[in-house]
>>> print(open('input_15.cif').read())   # mmCIF, C-alpha atoms
data_query
loop_
_atom_site.label_atom_id
_atom_site.label_comp_id
_atom_site.auth_asym_id
_atom_site.auth_seq_id
_atom_site.Cartn_x
_atom_site.Cartn_y
_atom_site.Cartn_z
CA MET A 1 87.35 65.23 71.42
CA GLN A 2 90.95 64.71 72.49
CA ILE A 3 92.85 67.85 73.45
CA THR A 4 95.86 68.60 71.24
CA LYS A 5 99.19 68.66 73.04
CA LEU A 6 101.22 71.85 73.20
CA ASP A 7 104.65 72.17 71.65
CA GLU A 8 107.78 72.83 73.72
CA GLN A 9 107.75 76.60 73.16
CA GLU A 10 104.14 76.92 74.30
CA ASN A 11 104.81 74.74 77.36
CA LYS A 12 107.77 76.93 78.28
CA PHE A 13 105.71 80.10 77.86
CA LEU A 14 102.89 78.79 80.07
CA LYS A 15 105.27 77.60 82.76
CA ASN A 16 107.10 80.93 82.88
CA PHE A 17 103.86 82.91 82.67
CA PHE A 18 102.34 80.97 85.56
CA LEU A 19 105.42 81.54 87.73
CA LEU A 20 105.45 85.24 86.79
CA ILE A 21 101.87 85.67 88.04
CA PHE A 22 102.58 83.57 91.14
CA PHE A 23 105.52 85.73 92.18
CA TYR A 24 103.63 88.90 91.31
CA ILE A 25 100.84 87.88 93.68
CA LEU A 26 103.38 86.81 96.29
CA LEU A 27 105.20 90.14 96.24
CA GLU A 28 102.66 92.80 95.24
CA GLY A 29 101.43 93.26 98.80
CA GLY A 30 104.95 93.83 100.06
CA VAL A 31 105.55 96.43 97.37
CA ARG A 32 102.35 98.21 98.39
CA LYS A 33 102.92 98.28 102.13
CA TRP A 34 106.69 98.88 102.21
CA PHE A 35 107.45 100.93 99.11
CA LEU A 36 104.39 102.24 97.22
CA PRO A 37 101.49 102.52 99.69
CA ASN A 38 99.62 105.02 97.50
CA PHE A 39 99.62 102.89 94.36
CA ARG A 40 97.42 99.93 95.30
CA THR A 41 95.12 100.22 92.29
CA GLU A 42 97.98 100.84 89.85
CA ILE A 43 99.90 97.76 91.03
CA THR A 44 96.79 95.61 90.59
CA LEU A 45 96.13 97.17 87.17
CA ILE A 46 99.63 96.24 85.98
CA LYS A 47 98.96 92.62 86.93
CA ASP A 48 95.64 92.67 85.07
CA ILE A 49 97.32 94.10 81.98
CA ILE A 50 99.87 91.26 82.10
CA ILE A 51 97.02 88.75 82.42
CA ILE A 52 95.20 90.28 79.43
CA TRP A 53 98.41 90.19 77.39
CA GLY A 54 98.89 86.50 78.28
CA ILE A 55 95.31 85.69 77.25
CA LEU A 56 95.67 87.53 73.94
CA TYR A 57 99.03 85.85 73.29
CA SER A 58 97.43 82.46 73.97
CA PHE A 59 94.63 83.20 71.52
CA ASN A 60 97.19 84.28 68.95
CA ARG A 61 99.26 81.11 69.46
CA GLY A 62 96.16 78.94 69.15
CA ILE A 63 96.45 77.63 72.71
CA TYR A 64 92.70 77.92 73.22
CA LYS A 65 91.89 76.29 69.87
CA ARG A 66 92.98 72.89 71.15
CA LEU A 67 90.25 72.99 73.80
CA ASP A 68 86.72 71.77 73.17
CA TRP A 69 83.90 71.95 75.72
CA GLN A 70 86.03 73.74 78.34
CA LYS A 71 86.40 76.76 76.09
CA ASN A 72 82.71 76.69 75.21
CA VAL A 73 81.66 76.68 78.87
CA ILE A 74 83.79 79.73 79.70
CA PHE A 75 82.67 81.46 76.50
CA LEU A 76 78.99 80.98 77.41
CA TRP A 77 79.71 82.18 80.95
CA THR A 78 81.40 85.27 79.50
CA LEU A 79 78.39 86.04 77.32
CA LEU A 80 76.01 85.56 80.24
CA VAL A 81 77.95 87.90 82.54
CA ILE A 82 78.29 90.56 79.81
CA PHE A 83 74.55 90.35 79.10
CA TRP A 84 73.70 90.61 82.80
CA ILE A 85 76.05 93.55 83.29
CA CYS A 86 74.27 95.34 80.44
CA VAL A 87 70.92 94.63 82.10
CA GLN A 88 72.21 95.94 85.42
CA MET A 89 73.58 99.08 83.80
CA VAL A 90 70.03 99.84 82.66
CA MET A 91 68.28 98.81 85.87
CA ILE A 92 70.74 99.98 88.56
CA GLU A 93 72.51 103.30 89.07
CA ASN A 94 76.19 102.47 89.57
CA ASP A 95 79.44 103.92 88.34
CA ASN A 96 80.15 101.98 85.13
CA ARG A 97 83.72 101.35 86.28
CA ILE A 98 82.28 99.04 88.94
CA TYR A 99 81.13 96.71 86.17
CA LEU A 100 84.66 96.58 84.77
CA VAL A 101 85.80 95.41 88.19
CA GLY A 102 82.98 92.87 88.16
CA PHE A 103 83.97 91.56 84.74
CA ARG A 104 87.54 91.21 85.99
CA ASN A 105 86.47 89.26 89.07
CA TRP A 106 83.78 87.09 87.47
CA VAL A 107 85.20 86.40 83.99
CA LEU A 108 88.71 87.58 83.06
CA TYR A 109 90.73 85.26 85.25
CA PHE A 110 88.74 82.21 84.14
CA TRP A 111 90.38 82.69 80.76
CA PHE A 112 93.75 82.84 82.49
CA SER A 113 93.12 79.51 84.25
CA LEU A 114 91.68 77.92 81.11
CA MET A 115 94.89 78.30 79.13
CA PHE A 116 96.55 75.73 81.41
CA VAL A 117 94.20 72.83 80.60
CA ASN A 118 96.51 69.96 79.62
CA ALA A 119 99.39 72.42 79.54
CA PHE A 120 101.93 70.56 81.71
CA ASN A 121 103.28 67.07 82.03
CA LYS A 122 104.28 65.60 85.38
CA ASP A 123 107.90 66.76 85.09
CA ILE A 124 106.90 70.40 84.56
CA LEU A 125 104.33 70.17 87.34
CA ASP A 126 107.01 68.86 89.70
CA GLN A 127 109.34 71.69 88.69
CA ILE A 128 106.65 74.26 89.48
CA SER A 129 105.74 72.57 92.76
CA ARG A 130 109.39 72.61 93.88
CA ILE A 131 109.73 76.31 93.13
CA ILE A 132 106.51 77.09 95.00
CA LEU A 133 107.53 74.89 97.92
CA LEU A 134 110.92 76.60 98.29
CA THR A 135 109.19 79.95 98.85
CA ILE A 136 108.11 78.70 102.29
CA ILE A 137 111.70 79.12 103.51
CA PRO A 138 111.95 82.93 103.15
CA MET A 139 108.24 83.31 103.90
CA GLY A 140 108.51 81.22 107.06
CA LEU A 141 111.60 83.06 108.27
CA LEU A 142 109.88 86.39 107.62
CA SER A 143 106.83 85.24 109.60
CA ILE A 144 109.03 84.24 112.53
CA ALA A 145 110.74 87.64 112.44
CA GLN A 146 107.40 89.45 112.32
CA HIS A 147 106.13 87.43 115.28
CA PHE A 148 109.04 88.36 117.52
CA LEU A 149 109.42 91.98 116.36
CA PRO A 150 107.50 94.85 118.03
CA VAL A 151 104.05 95.54 116.63
CA GLU A 152 105.10 98.96 115.33
CA HIS A 153 108.15 97.62 113.44
CA VAL A 154 108.24 98.39 109.71
CA LEU A 155 108.13 94.68 108.83
CA ASN A 156 104.75 94.50 110.55
CA ALA A 157 103.26 97.32 108.52
CA GLN A 158 99.87 96.63 106.95
CA SER A 159 98.49 98.27 103.84
CA GLY A 160 96.36 101.34 104.40
CA LEU A 161 97.71 101.93 107.91
CA LYS A 162 100.24 104.49 109.02
CA GLU A 163 102.08 102.08 111.32
CA VAL A 164 99.84 103.00 114.24
CA GLU A 165 100.31 100.22 116.78
CA GLU A 166 96.75 99.93 118.01
CA TYR A 167 95.41 99.45 114.47
CA ILE A 168 97.78 96.63 113.47
CA PHE A 169 95.91 93.31 113.61
CA GLN A 170 97.09 91.37 116.66
CA VAL A 171 96.45 87.93 118.10
CA VAL A 172 96.56 89.42 121.58
CA PHE A 173 98.00 92.74 122.64
CA GLY A 174 101.65 92.96 121.61
CA ILE A 175 101.70 89.92 119.29
CA VAL A 176 100.92 90.52 115.63
CA ARG A 177 99.00 88.37 113.22
CA THR A 178 101.76 87.81 110.67
CA THR A 179 101.29 89.06 107.12
CA GLY A 180 104.49 87.89 105.40
CA THR A 181 104.94 89.76 102.14
CA PHE A 182 101.23 90.48 101.91
CA SER A 183 99.49 93.74 102.69
CA PHE A 184 97.02 92.13 105.08
CA VAL A 185 96.68 89.00 107.22
CA LEU A 186 94.25 87.35 104.78
CA GLY A 187 96.91 87.28 102.06
CA HIS A 188 99.25 85.25 104.25
CA THR A 189 96.38 82.89 105.10
CA MET A 190 95.70 82.34 101.39
CA TYR A 191 99.38 81.65 100.77
CA MET A 192 99.36 78.96 103.47
CA TYR A 193 96.19 77.49 101.97
CA PHE A 194 97.82 77.40 98.53
CA ILE A 195 101.13 75.87 99.58
CA THR A 196 99.80 73.19 101.96
CA PRO A 197 98.94 70.61 99.21
CA PHE A 198 102.49 71.00 97.88
CA PHE A 199 103.85 70.49 101.40
CA LEU A 200 101.81 67.30 101.80
CA TYR A 201 103.06 66.18 98.38
CA PHE A 202 106.60 66.83 99.62
CA ILE A 203 106.32 64.84 102.88
CA ASP A 204 104.61 62.05 100.92
CA GLY A 205 107.93 61.37 99.26
CA SER A 206 108.08 63.55 96.14
CA HIS A 207 111.30 65.46 95.46
CA LYS A 208 113.11 63.03 97.81
CA ASN A 209 116.15 62.88 95.53
CA VAL A 210 116.13 66.59 94.67
CA PHE A 211 116.50 68.50 97.95
CA SER A 212 119.39 68.12 100.37
CA LYS A 213 118.69 67.17 103.99
CA LYS A 214 119.27 70.78 105.07
CA ILE A 215 116.72 72.09 102.58
CA LYS A 216 114.21 69.42 103.61
CA PHE A 217 114.64 70.40 107.25
CA LEU A 218 114.21 74.09 106.43
CA ILE A 219 111.04 73.41 104.45
CA VAL A 220 109.45 71.45 107.30
CA PHE A 221 110.66 73.85 109.99
CA CYS A 222 109.57 77.00 108.14
CA TYR A 223 106.19 75.57 107.18
CA PHE A 224 105.25 74.54 110.71
CA CYS A 225 106.61 77.77 112.18
CA ALA A 226 104.63 79.84 109.68
CA VAL A 227 101.47 78.04 110.82
CA LEU A 228 102.26 78.37 114.52
CA VAL A 229 103.04 82.10 114.49
CA SER A 230 100.30 83.06 112.02
CA GLY A 231 97.79 83.91 114.73
CA SER A 232 95.13 82.95 112.20
CA ARG A 233 92.39 80.56 113.25
CA ALA A 234 91.59 79.87 109.60
CA THR A 235 95.20 78.88 108.84
CA ILE A 236 95.48 76.59 111.86
CA VAL A 237 92.11 74.91 111.34
CA TYR A 238 92.72 74.48 107.60
CA CYS A 239 96.20 73.02 108.02
CA ALA A 240 95.03 70.69 110.80
CA PHE A 241 92.13 69.57 108.60
CA MET A 242 94.38 68.93 105.59
CA TYR A 243 96.91 66.99 107.67
CA SER A 244 94.10 64.91 109.22
CA MET A 245 92.69 64.19 105.76
CA TYR A 246 96.16 63.16 104.66
CA LEU A 247 96.50 60.66 107.52
CA PHE A 248 93.04 59.33 106.74
CA TYR A 249 93.92 59.03 103.05
CA ILE A 250 97.13 57.12 103.86
CA ALA A 251 95.29 54.81 106.25
CA LYS A 252 92.58 54.06 103.69
CA ASN A 253 94.66 53.70 100.55
CA ARG A 254 97.97 52.37 101.86
CA LYS A 255 99.23 50.15 104.67
CA ILE A 256 98.51 51.34 108.21
CA LYS A 257 102.20 51.17 109.13
CA ASN A 258 102.88 53.94 106.62
CA ILE A 259 101.19 56.42 108.95
CA VAL A 260 103.97 56.11 111.55
CA PRO A 261 106.44 58.51 109.83
CA TYR A 262 103.72 61.16 109.53
CA LEU A 263 102.81 60.84 113.19
CA PHE A 264 106.50 61.45 113.84
CA TRP A 265 106.20 64.78 112.02
CA LEU A 266 103.34 65.75 114.32
CA LEU A 267 105.39 64.80 117.40
CA THR A 268 108.31 66.85 116.07
CA LEU A 269 106.02 69.83 115.57
CA ALA A 270 104.68 69.53 119.10
CA ILE A 271 108.18 69.46 120.59
CA VAL A 272 109.36 72.44 118.53
CA ALA A 273 106.22 74.36 119.44
CA LEU A 274 106.56 73.72 123.16
CA ILE A 275 110.23 74.69 123.22
CA PHE A 276 110.37 77.74 120.96
CA PHE A 277 106.84 79.06 120.47
CA GLN A 278 105.06 78.81 123.78
CA GLY A 279 104.08 82.48 123.51
CA ALA A 280 102.51 81.95 120.10
CA ILE A 281 100.60 78.92 121.37
CA ASP A 282 99.27 80.79 124.40
CA ALA A 283 98.25 83.79 122.26
CA THR A 284 96.51 81.61 119.68
CA PHE A 285 94.71 79.63 122.38
CA THR A 286 93.50 82.90 123.90
CA ARG A 287 92.23 83.99 120.48
CA PHE A 288 90.35 80.72 119.96
CA VAL A 289 88.75 80.94 123.41
CA GLY A 290 87.81 84.60 122.96
CA SER A 291 86.24 83.98 119.58
CA ALA A 292 84.33 80.93 120.83
CA GLU A 293 82.71 83.12 123.48
CA VAL A 294 81.21 85.52 120.94
CA GLU A 295 80.42 83.24 117.98
CA SER A 296 79.64 79.64 117.13
CA PHE A 297 82.37 77.99 115.07
CA GLY A 298 79.85 75.65 113.42
CA GLY A 299 77.52 78.56 112.66
CA ARG A 300 80.37 80.50 111.13
CA ILE A 301 81.29 77.61 108.83
CA PHE A 302 77.64 77.16 107.82
CA GLU A 303 77.22 80.84 106.98
CA THR A 304 80.49 80.85 105.05
CA ILE A 305 79.32 78.03 102.79
CA ILE A 306 75.58 78.68 102.53
CA GLY A 307 75.44 82.42 103.13
CA SER A 308 74.05 84.51 105.97
CA ASP A 309 70.37 84.97 106.69
CA ARG A 310 70.68 88.64 105.74
CA ALA A 311 72.11 87.77 102.32
CA TRP A 312 69.03 85.73 101.45
CA GLN A 313 66.72 88.34 102.95
CA ILE A 314 68.08 91.17 100.78
CA PHE A 315 68.36 88.98 97.67
CA THR A 316 66.86 90.58 94.57
CA PHE A 317 66.39 89.26 91.04
CA PHE A 318 68.67 91.83 89.38
CA GLY A 319 71.17 92.16 92.24
CA TYR A 320 72.98 95.34 93.20
CA GLY A 321 75.64 95.32 90.50
CA ILE A 322 78.41 92.86 89.59
CA GLY A 323 81.59 94.22 91.14
CA VAL A 324 79.92 96.45 93.73
CA THR A 325 81.23 94.53 96.79
CA SER A 326 84.84 94.17 95.62
CA ASN A 327 87.52 96.05 97.53
CA LEU A 328 88.75 97.27 94.14
CA SER A 329 85.54 99.27 93.68
CA GLU A 330 85.53 100.95 97.10
CA PHE A 331 86.85 104.21 95.65
CA ILE A 332 84.33 104.37 92.80
CA GLY A 333 81.10 103.83 94.68
CA GLY A 334 81.41 100.22 95.81
CA VAL A 335 79.89 99.13 99.11
CA GLY A 336 82.54 96.69 100.37
CA PHE A 337 81.26 94.56 103.25
CA ASP A 338 77.95 96.41 103.53
CA LEU A 339 76.08 93.76 101.54
CA GLY A 340 77.77 90.79 103.17
CA GLU A 341 81.06 89.45 104.49
CA TRP A 342 81.08 85.97 102.97
CA GLU A 343 81.63 85.07 99.33
CA VAL A 344 78.12 83.64 98.94
CA ASP A 345 76.68 86.89 100.33
CA ARG A 346 78.71 88.89 97.83
CA ILE A 347 77.83 86.98 94.66
CA LEU A 348 74.14 86.81 95.59
CA ALA A 349 74.10 90.54 96.30
CA GLU A 350 76.08 91.47 93.20
CA GLY A 351 74.52 89.19 90.61
CA GLY A 352 71.01 88.42 91.81
CA ILE A 353 69.72 85.44 89.85
CA VAL A 354 73.03 85.10 87.96
CA GLY A 355 74.81 85.13 91.31
CA LEU A 356 72.58 82.26 92.41
CA LEU A 357 73.53 80.35 89.24
CA PHE A 358 77.19 81.06 90.02
CA PHE A 359 76.72 79.63 93.51
CA LEU A 360 75.02 76.47 92.20
CA PHE A 361 77.73 76.06 89.55
CA LYS A 362 80.38 76.17 92.28
CA ILE A 363 78.65 73.35 94.16
CA LEU A 364 78.39 71.20 91.01
CA PHE A 365 82.00 71.92 90.06
CA SER A 366 83.20 71.01 93.58
CA ILE A 367 81.44 67.65 93.55
CA ILE A 368 82.80 66.74 90.10
CA VAL A 369 86.43 67.70 90.74
CA LEU A 370 86.54 65.97 94.14
CA PHE A 371 85.38 62.66 92.70
CA LYS A 372 87.56 62.95 89.60
CA SER A 373 90.69 64.00 91.51
CA TYR A 374 90.25 61.30 94.17
CA SER A 375 89.94 58.67 91.48
CA LEU A 376 93.02 60.03 89.71
CA SER A 377 95.05 60.05 92.94
CA ARG A 378 94.10 56.46 93.77
CA ILE A 379 94.86 55.17 90.28
CA SER A 380 98.19 57.00 90.01
CA ASN A 381 99.21 56.68 93.69
CA ASN A 382 99.85 60.44 93.60
CA ILE A 383 98.17 62.50 96.33
CA LEU A 384 98.59 65.91 94.71
CA PRO A 385 95.47 65.96 92.46
CA PHE A 386 93.09 65.11 95.31
CA PHE A 387 94.59 67.41 97.92
CA PHE A 388 94.91 70.27 95.49
CA ALA A 389 91.28 69.76 94.48
CA LEU A 390 90.39 69.79 98.18
CA PHE A 391 92.14 73.15 98.51
CA ILE A 392 90.26 74.51 95.49
CA VAL A 393 86.87 73.32 96.75
CA ILE A 394 87.46 74.91 100.16
CA GLN A 395 88.61 78.05 98.39
CA ILE A 396 85.73 78.50 95.99
CA MET A 397 83.10 77.60 98.59
CA THR A 398 84.40 79.74 101.47
CA ALA A 399 86.98 82.34 100.41
CA GLN A 400 86.18 85.95 99.45
CA ILE A 401 87.17 85.44 95.83
CA THR A 402 85.22 88.28 94.22
CA GLY A 403 85.87 90.64 97.12
CA GLN A 404 89.59 90.48 97.88
CA ILE A 405 92.44 90.81 95.39
CA THR A 406 94.91 88.28 96.82
CA VAL A 407 92.24 85.67 97.50
CA HIS A 408 91.08 86.08 93.91
CA GLY A 409 94.63 85.69 92.60
CA PHE A 410 95.47 82.53 94.52
CA THR A 411 92.12 80.97 93.61
CA PHE A 412 92.66 81.32 89.88
CA LEU A 413 96.31 80.27 90.15
CA GLY A 414 94.99 77.18 91.87
CA LEU A 415 92.35 76.58 89.22
CA ALA A 416 95.03 76.85 86.55
CA LEU A 417 97.10 74.12 88.19
CA LEU A 418 94.05 71.95 88.91
CA PHE A 419 92.94 72.15 85.27
CA SER A 420 96.40 70.98 84.28
CA MET A 421 96.59 68.22 86.92
CA LEU A 422 93.28 66.69 85.91
CA THR A 423 94.55 66.24 82.35
CA ILE A 424 98.04 64.94 83.17
CA ASN A 425 98.78 61.33 82.30
CA PHE A 426 100.27 60.31 85.65
CA ASP A 427 102.13 57.01 85.76
CA LEU A 428 99.82 54.29 87.05
CA LYS A 429 100.75 52.72 90.38
CA LYS A 430 102.25 49.30 90.20
#
>>> encode(input="input_15.cif", output="structure tokens")
Amino acid sequence: MQITKLDEQENKFLKNFFLLIFFYILLEGGVRKWFLPNFRTEITLIKDIIIIWGILYSFNRGIYKRLDWQKNVIFLWTLLVIFWICVQMVMIENDNRIYLVGFRNWVLYFWFSLMFVNAFNKDILDQISRIILLTIIPMGLLSIAQHFLPVEHVLNAQSGLKEVEEYIFQVVFGIVRTTGTFSFVLGHTMYMYFITPFFLYFIDGSHKNVFSKKIKFLIVFCYFCAVLVSGSRATIVYCAFMYSMYLFYIAKNRKIKNIVPYLFWLLTLAIVALIFFQGAIDATFTRFVGSAEVESFGGRIFETIIGSDRAWQIFTFFGYGIGVTSNLSEFIGGVGFDLGEWEVDRILAEGGIVGLLFFLFKILFSIIVLFKSYSLSRISNNILPFFFALFIVIQIMTAQITGQITVHGFTFLGLALLFSMLTINFDLKK
């Protein structure tokens, strides 16, 4: 069944609604840590109310009616999770509010992402990507400022801390792990994950007649600086991986000589890093060496994707309660990291057999979208679908989606855009 196109008013609503949620996620951490540190739950609740309003508005406007099997899949998933929550409420003694958190994390935002299936054409997608890309300029400059400012400076505050220097996350003593506008370092990492496909799309030649040379320089400079001063191993490894995949993609699908300009970007980055950010490089190198001495990088990646031994050892059929490991439920009887640090650990612990189905569904989904997006990118000569799908697959297989608010938000923003990209009629390459 062919999906019915949206009218102009509905397209405008979805575009504006997406950007509203994007900027809310981008700024909510800053509001919490700099202005309203005691209102973390309330700020998140406001966002959820906005999401619910958007979903109800979309139902009212018939946006979901144009969908076929996509809507049915999410509807069946919703029924399954509701049924399993009811079973757990009988079998397990938890505060019932925990299950509301679980429903939010496991179901609600799927409906948000679903409304964007076939919602945008290429022009609207490019408009959104330009807006998102431009945020790297203030975010990059803020990261640079945080890196060079004292640890105890107000800009380096982190949510839940009282600006006590020794408790601020640092790369090495005296050099912070930058947080940007987010309340914690993980939020900034997720932002860099999210924006990197758009940055690759930008250096691949999109928007070349839109931005001035000064803006282009600022985008490149701020992006690379944000990576260099992040102090985050995950950010550096992810960005290096994505850039390597990009070079490989160009080499495989285009002429070899086309790689030369991109190697020039790497050389430029190296020169800038050596001149201006030697301290950041030394601190990050020290962090990599220190971490390598206490843990295996390969083992960490394996556990992140497959789950830890402990997670499989404590696995039970009914689980311990959907929502019980989320940081949103910590104040109502949740257990946080006690049942596992990785996302696989969390969903297995929370959902039991349904968590296992969720895990297997993620694997199947990842395989399908990678093949479909790669095919679409090759046919259209547009790299964005494949590299955005790559981001999503890394995200859903490794990130703490059901456990951390910002990770959850960026994941479902990403799914929304991916759902739209995979149904866009890109111009075929000549």
>>> resolve_selection(input="input_15.cif", expression="the PyMOL selection byres ((chain A and resi 86-88) around 8)", output="list of chain:residue names")
A:Ile82, A:Phe83, A:Trp84, A:Ile85, A:Met89, A:Val90, A:Met91, A:Ile92, A:Phe318, A:Gly319, A:Tyr320, A:Gly321
>>> resolve_selection(input="input_15.cif", expression="the PyMOL selection byres ((chain A and resi 35) around 12)", output="number ranges by chain")
A: 27-34, 36-40, 43, 154-155, 157-159, 181, 183
>>> residues_near_point(input="input_15.cif", point="(85.6, 93.4, 93.7)", cutoff="10 Å", atoms="all atoms listed in the file", output="PyMOL selection string")
chain A and resi 98-106+322-330+334-336+346+350+400-405+408
>>> residues_around(input="input_15.cif", residues="segment 129-136 of chain A", least_positions_apart="3", cutoff="9 Å", atoms="all atoms listed in the file", output="PyMOL selection string")
chain A and resi 19+22+124-126+139-141+192+195-196+198-199+201-202+207+215+218-220+222-223+226
>>> atom_distance(input="input_15.cif", atom1="atom CA of Arg177 of chain A", atom2="atom CA of Glu341 of chain A")
20.0 Å
>>> atom_distance(input="input_15.cif", atom1="atom CA of Ala251 of chain A", atom2="atom CA of Leu376 of chain A")
17.5 Å
>>> closest_atom_pairs(input="input_15.cif", of="segment 102-127 of chain A", to="segment 64-67 of chain A", cutoff="12 Å", atoms="all atoms listed in the file", output="Markdown table")
| residue | atom | partner | partner_atom | distance |
| --- | --- | --- | --- | --- |
| A:Trp111 | CA | A:Tyr64 | CA | 9.2 |
| A:Phe112 | CA | A:Tyr64 | CA | 10.5 |
| A:Ser113 | CA | A:Tyr64 | CA | 11.2 |
| A:Leu114 | CA | A:Tyr64 | CA | 8.0 |
| A:Met115 | CA | A:Tyr64 | CA | 6.3 |
| A:Phe116 | CA | A:Tyr64 | CA | 9.3 |
| A:Val117 | CA | A:Leu67 | CA | 7.9 |
| A:Asn118 | CA | A:Leu67 | CA | 9.1 |
| A:Ala119 | CA | A:Arg66 | CA | 10.6 |
>>> resolve_selection(input="input_15.cif", expression="the PyMOL selection byres ((chain A and resi 144) around 12)", output="PDB file with C-alpha atoms, in the frame of the given file")
ATOM      1  CA  ILE A 136     108.110  78.700 102.290  1.00  0.00           C
ATOM      2  CA  ILE A 137     111.700  79.120 103.510  1.00  0.00           C
ATOM      3  CA  PRO A 138     111.950  82.930 103.150  1.00  0.00           C
ATOM      4  CA  MET A 139     108.240  83.310 103.900  1.00  0.00           C
ATOM      5  CA  GLY A 140     108.510  81.220 107.060  1.00  0.00           C
ATOM      6  CA  LEU A 141     111.600  83.060 108.270  1.00  0.00           C
ATOM      7  CA  LEU A 142     109.880  86.390 107.620  1.00  0.00           C
ATOM      8  CA  SER A 143     106.830  85.240 109.600  1.00  0.00           C
ATOM      9  CA  ALA A 145     110.740  87.640 112.440  1.00  0.00           C
ATOM     10  CA  GLN A 146     107.400  89.450 112.320  1.00  0.00           C
ATOM     11  CA  HIS A 147     106.130  87.430 115.280  1.00  0.00           C
ATOM     12  CA  PHE A 148     109.040  88.360 117.520  1.00  0.00           C
ATOM     13  CA  LEU A 149     109.420  91.980 116.360  1.00  0.00           C
ATOM     14  CA  LEU A 155     108.130  94.680 108.830  1.00  0.00           C
ATOM     15  CA  ASN A 156     104.750  94.500 110.550  1.00  0.00           C
ATOM     16  CA  ILE A 175     101.700  89.920 119.290  1.00  0.00           C
ATOM     17  CA  VAL A 176     100.920  90.520 115.630  1.00  0.00           C
ATOM     18  CA  ARG A 177      99.000  88.370 113.220  1.00  0.00           C
ATOM     19  CA  THR A 178     101.760  87.810 110.670  1.00  0.00           C
ATOM     20  CA  THR A 179     101.290  89.060 107.120  1.00  0.00           C
ATOM     21  CA  GLY A 180     104.490  87.890 105.400  1.00  0.00           C
ATOM     22  CA  PHE A 221     110.660  73.850 109.990  1.00  0.00           C
ATOM     23  CA  CYS A 222     109.570  77.000 108.140  1.00  0.00           C
ATOM     24  CA  TYR A 223     106.190  75.570 107.180  1.00  0.00           C
ATOM     25  CA  PHE A 224     105.250  74.540 110.710  1.00  0.00           C
ATOM     26  CA  CYS A 225     106.610  77.770 112.180  1.00  0.00           C
ATOM     27  CA  ALA A 226     104.630  79.840 109.680  1.00  0.00           C
ATOM     28  CA  VAL A 227     101.470  78.040 110.820  1.00  0.00           C
ATOM     29  CA  LEU A 228     102.260  78.370 114.520  1.00  0.00           C
ATOM     30  CA  VAL A 229     103.040  82.100 114.490  1.00  0.00           C
ATOM     31  CA  SER A 230     100.300  83.060 112.020  1.00  0.00           C
ATOM     32  CA  GLY A 231      97.790  83.910 114.730  1.00  0.00           C
ATOM     33  CA  PHE A 276     110.370  77.740 120.960  1.00  0.00           C
ATOM     34  CA  PHE A 277     106.840  79.060 120.470  1.00  0.00           C
ATOM     35  CA  ALA A 280     102.510  81.950 120.100  1.00  0.00           C
TER      36      ALA A 280
END
>>> atom_distance(input="input_15.cif", atom1="atom CA of Val369 of chain A", atom2="atom CA of Ile250 of chain A")
20.0 Å
>>> closest_residue(input="input_15.cif", among="A:Thr406, A:Leu413, A:Val73, A:Met421", to="Phe17 of chain A", atoms="all atoms listed in the file")
A:Leu413
